[in-house]
>>> print(open('start_23.cif').read())   # mmCIF, C-alpha atoms and all ligand atoms
data_coords
loop_
_atom_site.group_PDB
_atom_site.id
_atom_site.type_symbol
_atom_site.label_atom_id
_atom_site.label_comp_id
_atom_site.auth_asym_id
_atom_site.auth_seq_id
_atom_site.Cartn_x
_atom_site.Cartn_y
_atom_site.Cartn_z
ATOM 1 C CA MET A 1 -20.198 8.602 -17.327
ATOM 2 C CA THR A 2 -18.312 8.918 -14.058
ATOM 3 C CA THR A 3 -14.707 7.938 -14.427
ATOM 4 C CA VAL A 4 -12.158 6.932 -11.833
ATOM 5 C CA GLU A 5 -10.501 10.322 -12.307
ATOM 6 C CA ASP A 6 -13.689 12.273 -11.502
ATOM 7 C CA LYS A 7 -14.397 10.534 -8.234
ATOM 8 C CA ALA A 8 -11.089 9.969 -6.452
ATOM 9 C CA THR A 9 -10.071 13.597 -6.490
ATOM 10 C CA ALA A 10 -6.584 14.338 -5.276
ATOM 11 C CA ALA A 11 -8.019 16.981 -2.977
ATOM 12 C CA ALA A 12 -10.170 14.424 -1.168
ATOM 13 C CA THR A 13 -7.715 11.521 -1.207
ATOM 14 C CA GLY A 14 -4.508 13.456 -0.571
ATOM 15 C CA ALA A 15 -5.918 15.545 2.261
ATOM 16 C CA SER A 16 -7.313 12.436 4.022
ATOM 17 C CA ALA A 17 -4.002 10.612 3.642
ATOM 18 C CA THR A 18 -2.106 13.580 5.082
ATOM 19 C CA GLU A 19 -4.525 13.883 8.013
ATOM 20 C CA ARG A 20 -4.275 10.163 8.697
ATOM 21 C CA PHE A 21 -0.479 10.282 8.668
ATOM 22 C CA ARG A 22 -0.423 13.204 11.091
ATOM 23 C CA THR A 23 -2.746 11.336 13.440
ATOM 24 C CA ASP A 24 -1.156 7.880 13.348
ATOM 25 C CA LYS A 25 2.439 8.176 12.358
ATOM 26 C CA ALA A 26 4.174 11.526 12.520
ATOM 27 C CA VAL A 27 7.256 10.896 14.635
ATOM 28 C CA ALA A 28 10.542 12.702 15.087
ATOM 29 C CA ALA A 29 13.151 10.057 14.275
ATOM 30 C CA ASP A 30 15.886 9.840 16.865
ATOM 31 C CA THR A 31 18.605 10.737 14.360
ATOM 32 C CA SER A 32 22.079 11.924 15.333
ATOM 33 C CA PRO A 33 23.442 15.119 13.740
ATOM 34 C CA GLU A 34 26.076 12.954 12.017
ATOM 35 C CA ARG A 35 23.498 10.729 10.365
ATOM 36 C CA ALA A 36 21.202 13.648 9.483
ATOM 37 C CA SER A 37 24.176 15.413 7.889
ATOM 38 C CA LEU A 38 25.243 12.309 5.969
ATOM 39 C CA LEU A 39 21.781 11.580 4.566
ATOM 40 C CA ALA A 40 20.920 15.203 3.745
ATOM 41 C CA ARG A 41 24.304 15.765 2.093
ATOM 42 C CA GLU A 42 24.115 12.667 -0.085
ATOM 43 C CA VAL A 43 20.558 13.365 -1.240
ATOM 44 C CA LEU A 44 21.544 16.949 -2.113
ATOM 45 C CA GLU A 45 24.670 15.746 -3.906
ATOM 46 C CA ALA A 46 22.530 13.405 -6.008
ATOM 47 C CA VAL A 47 20.332 16.382 -6.932
ATOM 48 C CA HIS A 48 23.368 18.539 -7.775
ATOM 49 C CA GLU A 49 24.823 15.757 -9.893
ATOM 50 C CA THR A 50 21.556 15.380 -11.834
ATOM 51 C CA ILE A 51 21.488 19.129 -12.532
ATOM 52 C CA ARG A 52 25.057 19.106 -13.873
ATOM 53 C CA LYS A 53 24.631 15.913 -15.858
ATOM 54 C CA HIS A 54 21.506 17.163 -17.640
ATOM 55 C CA ASN A 55 22.156 20.922 -17.754
ATOM 56 C CA VAL A 56 18.964 21.675 -15.838
ATOM 57 C CA THR A 57 17.695 25.170 -16.730
ATOM 58 C CA TYR A 58 16.224 27.932 -14.549
ATOM 59 C CA ALA A 59 12.826 27.232 -16.143
ATOM 60 C CA GLU A 60 13.080 23.593 -15.061
ATOM 61 C CA TYR A 61 14.264 24.605 -11.589
ATOM 62 C CA ASP A 62 11.248 26.911 -11.192
ATOM 63 C CA ALA A 63 8.921 24.191 -12.502
ATOM 64 C CA LEU A 64 10.322 21.899 -9.791
ATOM 65 C CA LYS A 65 9.725 24.532 -7.107
ATOM 66 C CA ALA A 66 6.155 25.102 -8.297
ATOM 67 C CA TRP A 67 5.537 21.345 -8.338
ATOM 68 C CA LEU A 68 6.943 20.765 -4.832
ATOM 69 C CA ILE A 69 4.755 23.585 -3.506
ATOM 70 C CA GLN A 70 1.734 21.971 -5.203
ATOM 71 C CA VAL A 71 2.408 18.503 -3.723
ATOM 72 C CA GLY A 72 2.143 20.074 -0.270
ATOM 73 C CA ALA A 73 -0.884 22.194 -1.160
ATOM 74 C CA ASP A 74 -2.679 19.069 -2.458
ATOM 75 C CA GLY A 75 -1.734 17.101 0.677
ATOM 76 C CA GLU A 76 -0.117 14.538 -1.612
ATOM 77 C CA TRP A 77 3.190 13.868 0.118
ATOM 78 C CA PRO A 78 1.954 10.552 1.582
ATOM 79 C CA LEU A 79 0.753 9.397 -1.840
ATOM 80 C CA PHE A 80 3.851 10.537 -3.686
ATOM 81 C CA LEU A 81 6.356 9.093 -1.208
ATOM 82 C CA ASP A 82 4.575 5.748 -0.819
ATOM 83 C CA VAL A 83 4.376 5.319 -4.599
ATOM 84 C CA PHE A 84 7.936 6.308 -5.479
ATOM 85 C CA VAL A 85 10.103 5.830 -2.382
ATOM 86 C CA GLU A 86 8.589 3.435 0.184
ATOM 87 C CA HIS A 87 9.432 0.233 -1.713
ATOM 88 C CA VAL A 88 13.162 0.761 -1.185
ATOM 89 C CA VAL A 89 12.720 1.583 2.518
ATOM 90 C CA GLU A 90 10.762 -1.676 2.875
ATOM 91 C CA GLU A 91 13.436 -3.616 0.993
ATOM 92 C CA VAL A 92 16.164 -2.359 3.334
ATOM 93 C CA ALA A 93 14.069 -2.704 6.512
ATOM 94 C CA ASN A 94 13.113 -6.330 5.908
ATOM 95 C CA ALA A 95 16.165 -7.665 4.051
ATOM 96 C CA ALA A 96 17.168 -9.986 6.904
ATOM 97 C CA ARG A 97 13.787 -11.664 7.410
ATOM 98 C CA GLU A 98 13.350 -15.363 6.726
ATOM 99 C CA GLY A 99 9.566 -15.521 6.866
ATOM 100 C CA SER A 100 6.989 -14.291 4.374
ATOM 101 C CA LYS A 101 7.822 -11.351 2.149
ATOM 102 C CA GLY A 102 6.476 -7.939 3.007
ATOM 103 C CA THR A 103 5.916 -4.976 0.756
ATOM 104 C CA ILE A 104 4.840 -1.348 1.078
ATOM 105 C CA GLU A 105 2.038 -0.266 3.407
ATOM 106 C CA GLY A 106 0.900 2.592 1.155
ATOM 107 C CA PRO A 107 -1.019 5.625 2.400
ATOM 108 C CA PHE A 108 -4.432 4.040 3.093
ATOM 109 C CA TYR A 109 -4.129 1.963 6.279
ATOM 110 C CA ALA A 110 -6.504 2.875 9.103
ATOM 111 C CA PRO A 111 -5.951 1.311 12.549
ATOM 112 C CA GLY A 112 -8.913 0.182 14.618
ATOM 113 C CA ALA A 113 -11.038 -1.642 12.042
ATOM 114 C CA PRO A 114 -13.937 -3.861 13.226
ATOM 115 C CA GLN A 115 -12.785 -7.089 14.881
ATOM 116 C CA PHE A 116 -13.732 -10.623 13.876
ATOM 117 C CA GLY A 117 -12.879 -14.093 15.113
ATOM 118 C CA ALA A 118 -11.166 -16.596 12.846
ATOM 119 C CA GLU A 119 -13.852 -16.355 10.163
ATOM 120 C CA GLY A 120 -16.054 -13.494 9.022
ATOM 121 C CA THR A 121 -17.262 -11.186 6.282
ATOM 122 C CA LEU A 122 -15.714 -7.748 5.860
ATOM 123 C CA PRO A 123 -18.067 -4.794 6.283
ATOM 124 C CA MET A 124 -19.563 -3.963 2.901
ATOM 125 C CA ARG A 125 -22.430 -2.009 1.383
ATOM 126 C CA GLU A 126 -25.745 -3.546 0.403
ATOM 127 C CA GLY A 127 -25.065 -5.180 -2.979
ATOM 128 C CA GLU A 128 -21.332 -4.299 -2.873
ATOM 129 C CA ALA A 129 -20.068 -4.643 -6.468
ATOM 130 C CA GLY A 130 -17.357 -7.172 -7.263
ATOM 131 C CA THR A 131 -16.624 -10.881 -7.468
ATOM 132 C CA PRO A 132 -17.062 -12.603 -4.087
ATOM 133 C CA LEU A 133 -13.662 -13.643 -2.742
ATOM 134 C CA THR A 134 -12.875 -16.062 0.060
ATOM 135 C CA PHE A 135 -9.363 -15.660 1.407
ATOM 136 C CA HIS A 136 -8.112 -18.228 3.882
ATOM 137 C CA GLY A 137 -4.796 -19.390 5.252
ATOM 138 C CA GLN A 138 -2.625 -20.140 8.228
ATOM 139 C CA VAL A 139 -0.202 -18.058 10.281
ATOM 140 C CA ARG A 140 2.865 -19.916 11.552
ATOM 141 C CA SER A 141 6.395 -19.335 12.797
ATOM 142 C CA VAL A 142 9.544 -19.883 10.721
ATOM 143 C CA ALA A 143 9.894 -23.119 12.721
ATOM 144 C CA GLY A 144 6.531 -24.251 11.292
ATOM 145 C CA VAL A 145 4.522 -23.889 14.511
ATOM 146 C CA PRO A 146 0.909 -22.691 13.904
ATOM 147 C CA LEU A 147 0.302 -19.391 15.690
ATOM 148 C CA ALA A 148 -3.072 -19.243 17.442
ATOM 149 C CA ASN A 149 -4.432 -15.785 18.284
ATOM 150 C CA SER A 150 -2.484 -14.076 15.519
ATOM 151 C CA THR A 151 -3.906 -10.841 14.169
ATOM 152 C CA VAL A 152 -4.707 -10.559 10.452
ATOM 153 C CA ASP A 153 -5.568 -6.941 9.680
ATOM 154 C CA ILE A 154 -6.846 -6.593 6.102
ATOM 155 C CA TRP A 155 -7.854 -3.580 4.008
ATOM 156 C CA HIS A 156 -8.465 -3.163 0.311
ATOM 157 C CA CYS A 157 -10.193 -0.961 -2.241
ATOM 158 C CA ASP A 158 -13.614 -1.607 -3.752
ATOM 159 C CA ASP A 159 -14.564 -2.744 -7.254
ATOM 160 C CA GLU A 160 -13.899 0.773 -8.548
ATOM 161 C CA GLY A 161 -10.494 1.176 -6.892
ATOM 162 C CA PHE A 162 -11.575 3.395 -3.966
ATOM 163 C CA TYR A 163 -10.564 3.080 -0.304
ATOM 164 C CA ALA A 164 -12.955 3.791 2.580
ATOM 165 C CA GLN A 165 -11.934 6.849 4.648
ATOM 166 C CA PHE A 166 -9.878 8.250 1.748
ATOM 167 C CA ALA A 167 -12.223 8.477 -1.248
ATOM 168 C CA PRO A 168 -15.465 10.296 -0.390
ATOM 169 C CA GLY A 169 -18.856 8.653 0.126
ATOM 170 C CA ILE A 170 -17.847 5.182 1.358
ATOM 171 C CA PRO A 171 -18.903 3.842 4.801
ATOM 172 C CA GLU A 172 -16.086 4.266 7.325
ATOM 173 C CA TRP A 173 -14.954 0.650 7.682
ATOM 174 C CA ASN A 174 -15.965 -0.676 4.256
ATOM 175 C CA LEU A 175 -13.686 -3.579 3.247
ATOM 176 C CA ARG A 176 -11.560 -3.297 6.389
ATOM 177 C CA GLY A 177 -11.352 -5.764 9.280
ATOM 178 C CA VAL A 178 -9.149 -7.423 11.884
ATOM 179 C CA PHE A 179 -9.266 -11.237 12.275
ATOM 180 C CA THR A 180 -7.839 -13.480 14.981
ATOM 181 C CA THR A 181 -6.548 -16.931 14.041
ATOM 182 C CA ASP A 182 -8.027 -20.043 15.656
ATOM 183 C CA GLU A 183 -6.138 -22.657 17.688
ATOM 184 C CA ASN A 184 -4.539 -23.995 14.487
ATOM 185 C CA GLY A 185 -3.446 -20.559 13.278
ATOM 186 C CA ASN A 186 -6.153 -20.505 10.602
ATOM 187 C CA PHE A 187 -8.350 -17.661 9.353
ATOM 188 C CA THR A 188 -11.053 -17.261 6.673
ATOM 189 C CA ILE A 189 -12.080 -13.873 5.293
ATOM 190 C CA HIS A 190 -15.102 -13.312 3.048
ATOM 191 C CA THR A 191 -14.899 -10.202 0.903
ATOM 192 C CA ILE A 192 -14.950 -9.079 -2.738
ATOM 193 C CA ARG A 193 -12.097 -9.003 -5.189
ATOM 194 C CA PRO A 194 -10.497 -5.532 -5.281
ATOM 195 C CA ALA A 195 -10.066 -3.678 -8.586
ATOM 196 C CA PRO A 196 -6.805 -2.312 -9.954
ATOM 197 C CA TYR A 197 -6.098 1.081 -8.393
ATOM 198 C CA GLN A 198 -5.234 4.283 -10.185
ATOM 199 C CA ILE A 199 -3.494 6.947 -8.145
ATOM 200 C CA PRO A 200 -5.428 10.233 -8.360
ATOM 201 C CA THR A 201 -4.506 11.887 -11.635
ATOM 202 C CA ASP A 202 -5.824 15.363 -10.886
ATOM 203 C CA GLY A 203 -3.245 16.412 -8.295
ATOM 204 C CA ALA A 204 0.486 17.052 -8.209
ATOM 205 C CA THR A 205 1.460 13.357 -8.333
ATOM 206 C CA GLY A 206 -0.749 12.979 -11.410
ATOM 207 C CA ALA A 207 0.918 16.032 -12.931
ATOM 208 C CA ILE A 208 4.403 14.517 -12.790
ATOM 209 C CA ILE A 209 3.063 11.211 -14.130
ATOM 210 C CA ARG A 210 1.416 13.042 -17.037
ATOM 211 C CA ALA A 211 4.436 15.260 -17.670
ATOM 212 C CA ALA A 212 6.639 12.163 -17.897
ATOM 213 C CA ASN A 213 4.060 10.171 -19.888
ATOM 214 C CA TRP A 214 4.007 7.354 -17.301
ATOM 215 C CA HIS A 215 0.855 5.494 -16.259
ATOM 216 C CA ALA A 216 -0.827 5.816 -12.842
ATOM 217 C CA TRP A 217 -1.830 2.189 -12.148
ATOM 218 C CA ARG A 218 -1.225 -0.298 -9.387
ATOM 219 C CA PRO A 219 -2.358 -3.902 -9.968
ATOM 220 C CA ALA A 220 -5.306 -5.139 -7.871
ATOM 221 C CA HIS A 221 -4.124 -6.031 -4.368
ATOM 222 C CA LEU A 222 -5.117 -6.991 -0.831
ATOM 223 C CA HIS A 223 -3.283 -5.139 1.958
ATOM 224 C CA LEU A 224 -2.412 -6.984 5.180
ATOM 225 C CA LYS A 225 -0.695 -6.549 8.500
ATOM 226 C CA VAL A 226 -0.101 -9.884 10.201
ATOM 227 C CA SER A 227 1.244 -10.145 13.726
ATOM 228 C CA ALA A 228 1.520 -12.490 16.692
ATOM 229 C CA PRO A 229 2.971 -12.175 20.182
ATOM 230 C CA GLU A 230 6.772 -12.526 20.193
ATOM 231 C CA HIS A 231 6.957 -12.307 16.403
ATOM 232 C CA LEU A 232 7.741 -9.507 13.960
ATOM 233 C CA LEU A 233 4.743 -7.837 12.381
ATOM 234 C CA ILE A 234 4.650 -8.170 8.634
ATOM 235 C CA THR A 235 3.077 -5.543 6.371
ATOM 236 C CA THR A 236 2.382 -6.969 2.941
ATOM 237 C CA GLN A 237 0.157 -7.073 -0.140
ATOM 238 C CA LEU A 238 -1.129 -9.950 -2.252
ATOM 239 C CA TYR A 239 -1.712 -9.800 -6.006
ATOM 240 C CA PHE A 240 -3.754 -11.612 -8.655
ATOM 241 C CA PRO A 241 -2.059 -13.327 -11.614
ATOM 242 C CA GLY A 242 -2.896 -11.903 -15.023
ATOM 243 C CA ASP A 243 -3.271 -8.288 -13.923
ATOM 244 C CA PRO A 244 -1.745 -6.154 -16.688
ATOM 245 C CA HIS A 245 0.075 -4.018 -14.106
ATOM 246 C CA ASN A 246 1.769 -6.795 -12.139
ATOM 247 C CA ASP A 247 4.841 -6.190 -14.304
ATOM 248 C CA ASP A 248 4.838 -2.395 -14.209
ATOM 249 C CA ASP A 249 3.293 -1.368 -10.888
ATOM 250 C CA ILE A 250 3.771 2.397 -10.510
ATOM 251 C CA ALA A 251 4.671 1.728 -6.835
ATOM 252 C CA ALA A 252 7.146 -1.105 -7.668
ATOM 253 C CA ALA A 253 5.668 -3.182 -4.819
ATOM 254 C CA VAL A 254 4.951 -6.516 -6.555
ATOM 255 C CA LYS A 255 7.135 -9.527 -5.711
ATOM 256 C CA PRO A 256 6.764 -13.053 -7.153
ATOM 257 C CA GLU A 257 6.232 -14.466 -3.632
ATOM 258 C CA LEU A 258 3.145 -12.255 -3.208
ATOM 259 C CA MET A 259 1.200 -13.710 -6.134
ATOM 260 C CA LEU A 260 -2.038 -15.513 -5.235
ATOM 261 C CA ASP A 261 -3.327 -18.660 -6.933
ATOM 262 C CA PRO A 262 -7.078 -18.004 -7.279
ATOM 263 C CA LYS A 263 -9.417 -20.975 -7.764
ATOM 264 C CA PRO A 264 -12.826 -20.290 -9.304
ATOM 265 C CA THR A 265 -15.770 -21.440 -7.181
ATOM 266 C CA ALA A 266 -19.513 -21.597 -7.849
ATOM 267 C CA GLY A 267 -20.100 -18.052 -6.618
ATOM 268 C CA GLY A 268 -16.732 -16.371 -7.011
ATOM 269 C CA VAL A 269 -13.116 -17.107 -6.260
ATOM 270 C CA ASP A 270 -11.159 -18.807 -3.493
ATOM 271 C CA VAL A 271 -7.586 -17.935 -2.519
ATOM 272 C CA GLN A 272 -5.302 -19.495 0.045
ATOM 273 C CA TYR A 273 -2.143 -17.874 1.414
ATOM 274 C CA ASP A 274 -0.112 -18.693 4.512
ATOM 275 C CA PHE A 275 1.998 -16.222 6.482
ATOM 276 C CA VAL A 276 5.287 -17.171 8.116
ATOM 277 C CA LEU A 277 6.402 -14.774 10.850
ATOM 278 C CA ASP A 278 9.980 -14.211 12.015
ATOM 279 C CA PRO A 279 10.688 -14.275 15.747
ATOM 280 C CA ALA A 280 10.855 -10.859 17.402
HETATM 281 C C1 LIG B 301 -0.757 4.250 -3.120
HETATM 282 C C2 LIG B 301 -1.990 3.643 -3.113
HETATM 283 C C3 LIG B 301 -2.120 2.310 -2.798
HETATM 284 O O1 LIG B 301 -3.315 1.677 -2.774
HETATM 285 C C4 LIG B 301 -1.002 1.580 -2.475
HETATM 286 O O2 LIG B 301 -1.194 0.297 -2.177
HETATM 287 C C5 LIG B 301 0.232 2.185 -2.492
HETATM 288 C C6 LIG B 301 0.347 3.522 -2.805
HETATM 289 C C7 LIG B 301 -0.665 5.705 -3.423
HETATM 290 O O3 LIG B 301 -1.610 6.283 -3.978
HETATM 291 O O4 LIG B 301 0.364 6.304 -3.079
HETATM 292 FE FE FE B 302 -3.397 -0.072 -2.024
#
>>> encode(input="start_23.cif", output="structure tokens")
Amino acid sequence: MTTVEDKATAAATGASATERFRTDKAVAADTSPERASLLAREVLEAVHETIRKHNVTYAEYDALKAWLIQVGADGEWPLFLDVFVEHVVEEVANAAREGSKGTIEGPFYAPGAPQFGAEGTLPMREGEAGTPLTFHGQVRSVAGVPLANSTVDIWHCDDEGFYAQFAPGIPEWNLRGVFTTDENGNFTIHTIRPAPYQIPTDGATGAIIRAANWHAWRPAHLHLKVSAPEHLLITTQLYFPGDPHNDDDIAAAVKPELMLDPKPTAGGVDVQYDFVLDPA
């Protein structure tokens, strides 16, 4: 039997995520020497304090070095950082917003997905496995005004937990698309329900998870970027009630406001969720 671990190898997933980051995101932050010094010093002090508090040994120090080298060799820095650090960056970045809650982007966004109007079906393979899911809603401002021509960019994994362009063997734009809301701010997306996702267990991130006896799961989720002219873009995820990992997401990215309310239909499931955007 092929298991999740066999297929989503860290080598394939990590390397693609690193390549993607280099292409889309790598920026030199405009950081003053004072701020760089402050942040670097405080992070290092936290490390020093942990070493003293727990009497860290040379063997443990060398294990850390070996592990850090391996994270880079596996191309897993995007995975590792988005699982264990990004949620706090998101919390700080969006603390002042009044509109819908955001959460982490994760390492698997790809800009430039196929475009749709207000309603459409995401690209999928012939006989794509999974429960058919219809996801519809409205985009509006914090003042309650429907936002026509908003962009709803959606991506999610398949019924086995794999993302196109990151796990091997999946068509480029599978389960990825960009929708534009109609004159009432509404959109309707036909897709399949994503599966829970396990971060690759065969690479360096998996090694620390195993060494610590943690689990590697994220609950099933839809990823979204929603934007409109003169409003702040929101990056978020939506979750399904009853998923065993909603309460212990390895990436700590679940919030109560992001829980869907799925309604069974004849052929699958229907979910409705509205997005409220803050002014820019
Ligand atoms: C990771 C994967 C995800 O699908 C996600 O939403 C967040 C993080 C990861 O492997 O790092
Ligand atoms: Fe994800």
>>> residues_around(input="start_23.cif", residues="A:Glu98", least_positions_apart="4", cutoff="10 Å", atoms="all atoms listed in the file", output="MDAnalysis selection string")
chainID A and resid 94 142 276:279
>>> write_last_selection(input="start_23.cif", atoms="C-alpha atoms", output="compact mmCIF listing (two decimals), in the frame of the given file")
# COMPACT_ATOMS: atom_id res chain seq x y z
CA ASN A 94 13.11 -6.33 5.91
CA VAL A 142 9.54 -19.88 10.72
CA VAL A 276 5.29 -17.17 8.12
CA LEU A 277 6.40 -14.77 10.85
CA ASP A 278 9.98 -14.21 12.02
CA PRO A 279 10.69 -14.28 15.75
>>> resolve_selection(input="start_23.cif", expression="the PyMOL selection byres (((chain A and resi 241) around 8) and not hetatm)", output="PyMOL selection string")
chain A and resi 239-240+242-243+246+259-261
>>> closest_residue(input="start_23.cif", among="A:Gln138, A:Thr181, A:Gln272, A:Thr236", to="ligand LIG 301 (chain B)", atoms="all atoms listed in the file")
A:Thr236
>>> atom_distance(input="start_23.cif", atom1="atom CA of A:Phe116", atom2="atom CA of A:Phe179")
4.8 Å
>>> residues_around(input="start_23.cif", residues="A:Arg193", least_positions_apart="5", cutoff="8 Å", atoms="all atoms listed in the file", output="list in words")
Gly130, Thr131, Pro132, Leu133, Asp158 and Asp159 of chain A
>>> residues_near_ligand(input="start_23.cif", ligand="ligand FE 302 (chain B)", cutoff="9 Å", atoms="all atoms listed in the file", output="PyMOL selection string")
chain A and resi 104-109+155-157+161+163+196-197+218-223+237
>>> closest_residue(input="start_23.cif", among="A:Trp173, A:Phe84, A:Phe166, A:Phe135", to="A:Ala11", atoms="only C-alpha atoms")
A:Phe166
>>> residues_around(input="start_23.cif", residues="A:Ala110", least_positions_apart="4", cutoff="10 Å", atoms="all atoms listed in the file", output="PyMOL selection string")
chain A and resi 17+20-21+24+153-155+164-166+172-173+176-177
>>> residues_around(input="start_23.cif", residues="stretch 204-214 of chain A", least_positions_apart="4", cutoff="12 Å", atoms="only C-alpha atoms", output="compact mmCIF listing (two decimals) with C-alpha atoms, in the coordinates of the input")
# COMPACT_ATOMS: atom_id res chain seq x y z
CA GLU A 5 -10.50 10.32 -12.31
CA ALA A 8 -11.09 9.97 -6.45
CA THR A 9 -10.07 13.60 -6.49
CA ALA A 10 -6.58 14.34 -5.28
CA ALA A 11 -8.02 16.98 -2.98
CA THR A 13 -7.72 11.52 -1.21
CA GLY A 14 -4.51 13.46 -0.57
CA ALA A 63 8.92 24.19 -12.50
CA LEU A 64 10.32 21.90 -9.79
CA LYS A 65 9.72 24.53 -7.11
CA ALA A 66 6.16 25.10 -8.30
CA TRP A 67 5.54 21.34 -8.34
CA LEU A 68 6.94 20.76 -4.83
CA ILE A 69 4.76 23.58 -3.51
CA GLN A 70 1.73 21.97 -5.20
CA VAL A 71 2.41 18.50 -3.72
CA GLY A 72 2.14 20.07 -0.27
CA ALA A 73 -0.88 22.19 -1.16
CA ASP A 74 -2.68 19.07 -2.46
CA GLY A 75 -1.73 17.10 0.68
CA GLU A 76 -0.12 14.54 -1.61
CA TRP A 77 3.19 13.87 0.12
CA PRO A 78 1.95 10.55 1.58
CA LEU A 79 0.75 9.40 -1.84
CA PHE A 80 3.85 10.54 -3.69
CA LEU A 81 6.36 9.09 -1.21
CA ASP A 82 4.58 5.75 -0.82
CA VAL A 83 4.38 5.32 -4.60
CA PHE A 84 7.94 6.31 -5.48
CA GLN A 198 -5.23 4.28 -10.18
CA ILE A 199 -3.49 6.95 -8.14
CA PRO A 200 -5.43 10.23 -8.36
CA ASP A 248 4.84 -2.40 -14.21
CA ASP A 249 3.29 -1.37 -10.89
CA ILE A 250 3.77 2.40 -10.51
CA ALA A 251 4.67 1.73 -6.84
>>> atom_distance(input="start_23.cif", atom1="atom CA of A:His190", atom2="atom CA of A:Leu122")
6.3 Å
>>> closest_residue(input="start_23.cif", among="A:Asp274, A:Glu257, A:Glu34, A:Glu86", to="ligand LIG 301 (chain B)", atoms="all atoms listed in the file")
A:Glu86
>>> atom_distance(input="start_23.cif", atom1="atom CA of A:Thr188", atom2="atom CA of A:Val152")
10.0 Å
>>> closest_residue(input="start_23.cif", among="A:Ala59, A:Val226, A:Ile192, A:Val85", to="ligand LIG 301 (chain B)", atoms="all atoms listed in the file")
A:Val85
>>> resolve_selection(input="start_23.cif", expression="the PyMOL selection byres (((chain A and resi 91) around 10) and not hetatm)", output="list in words")
Glu86, His87, Val88, Val89, Glu90, Val92, Ala93, Asn94, Ala95, Ala96, Lys101, Gly102, Thr103, Ile104 and Ala253 of chain A
>>> resolve_selection(input="start_23.cif", expression="the PyMOL selection byres (((chain A and resi 231) around 6) and not hetatm)", output="PyMOL selection string")
chain A and resi 228-230+232+278-280
>>> closest_residue(input="start_23.cif", among="A:Lys225, A:Arg140, A:His215, A:Arg41", to="A:Pro244", atoms="all atoms listed in the file")
A:His215
>>> axis_aligned_box(input="start_23.cif", around="ligand LIG 301 (chain B)", padding_each_side="4 Å", output="JSON")
{"center_x": -1.5, "center_y": 3.3, "center_z": -3.1, "size_x": 11.7, "size_y": 14.0, "size_z": 9.8}
>>> decode(input="start_23.cif", residues="stretch 242-262 of chain A", atoms="C-alpha atoms", output="mmCIF file, in the first residue's frame")
data_model
loop_
_atom_site.group_PDB
_atom_site.id
_atom_site.type_symbol
_atom_site.label_atom_id
_atom_site.label_comp_id
_atom_site.auth_asym_id
_atom_site.auth_seq_id
_atom_site.Cartn_x
_atom_site.Cartn_y
_atom_site.Cartn_z
ATOM 1 C CA GLY A 242 -15.191 17.517 13.694
ATOM 2 C CA ASP A 243 -11.665 17.188 12.324
ATOM 3 C CA PRO A 244 -9.602 15.495 15.045
ATOM 4 C CA HIS A 245 -6.769 17.994 14.527
ATOM 5 C CA ASN A 246 -8.770 21.214 14.819
ATOM 6 C CA ASP A 247 -7.722 21.304 18.478
ATOM 7 C CA ASP A 248 -4.063 20.400 18.021
ATOM 8 C CA ASP A 249 -3.019 21.690 14.598
ATOM 9 C CA ILE A 250 0.765 21.301 14.325
ATOM 10 C CA ALA A 251 0.820 24.779 12.693
ATOM 11 C CA ALA A 252 -1.408 26.386 15.394
ATOM 12 C CA ALA A 253 -3.393 28.158 12.649
ATOM 13 C CA VAL A 254 -6.998 27.272 13.577
ATOM 14 C CA LYS A 255 -9.250 30.007 14.991
ATOM 15 C CA PRO A 256 -12.917 29.602 16.009
ATOM 16 C CA GLU A 257 -13.945 32.283 13.474
ATOM 17 C CA LEU A 258 -12.517 30.155 10.640
ATOM 18 C CA MET A 259 -14.771 27.147 11.217
ATOM 19 C CA LEU A 260 -17.175 26.313 8.378
ATOM 20 C CA ASP A 261 -20.736 25.059 8.829
ATOM 21 C CA PRO A 262 -21.064 22.348 6.154
#
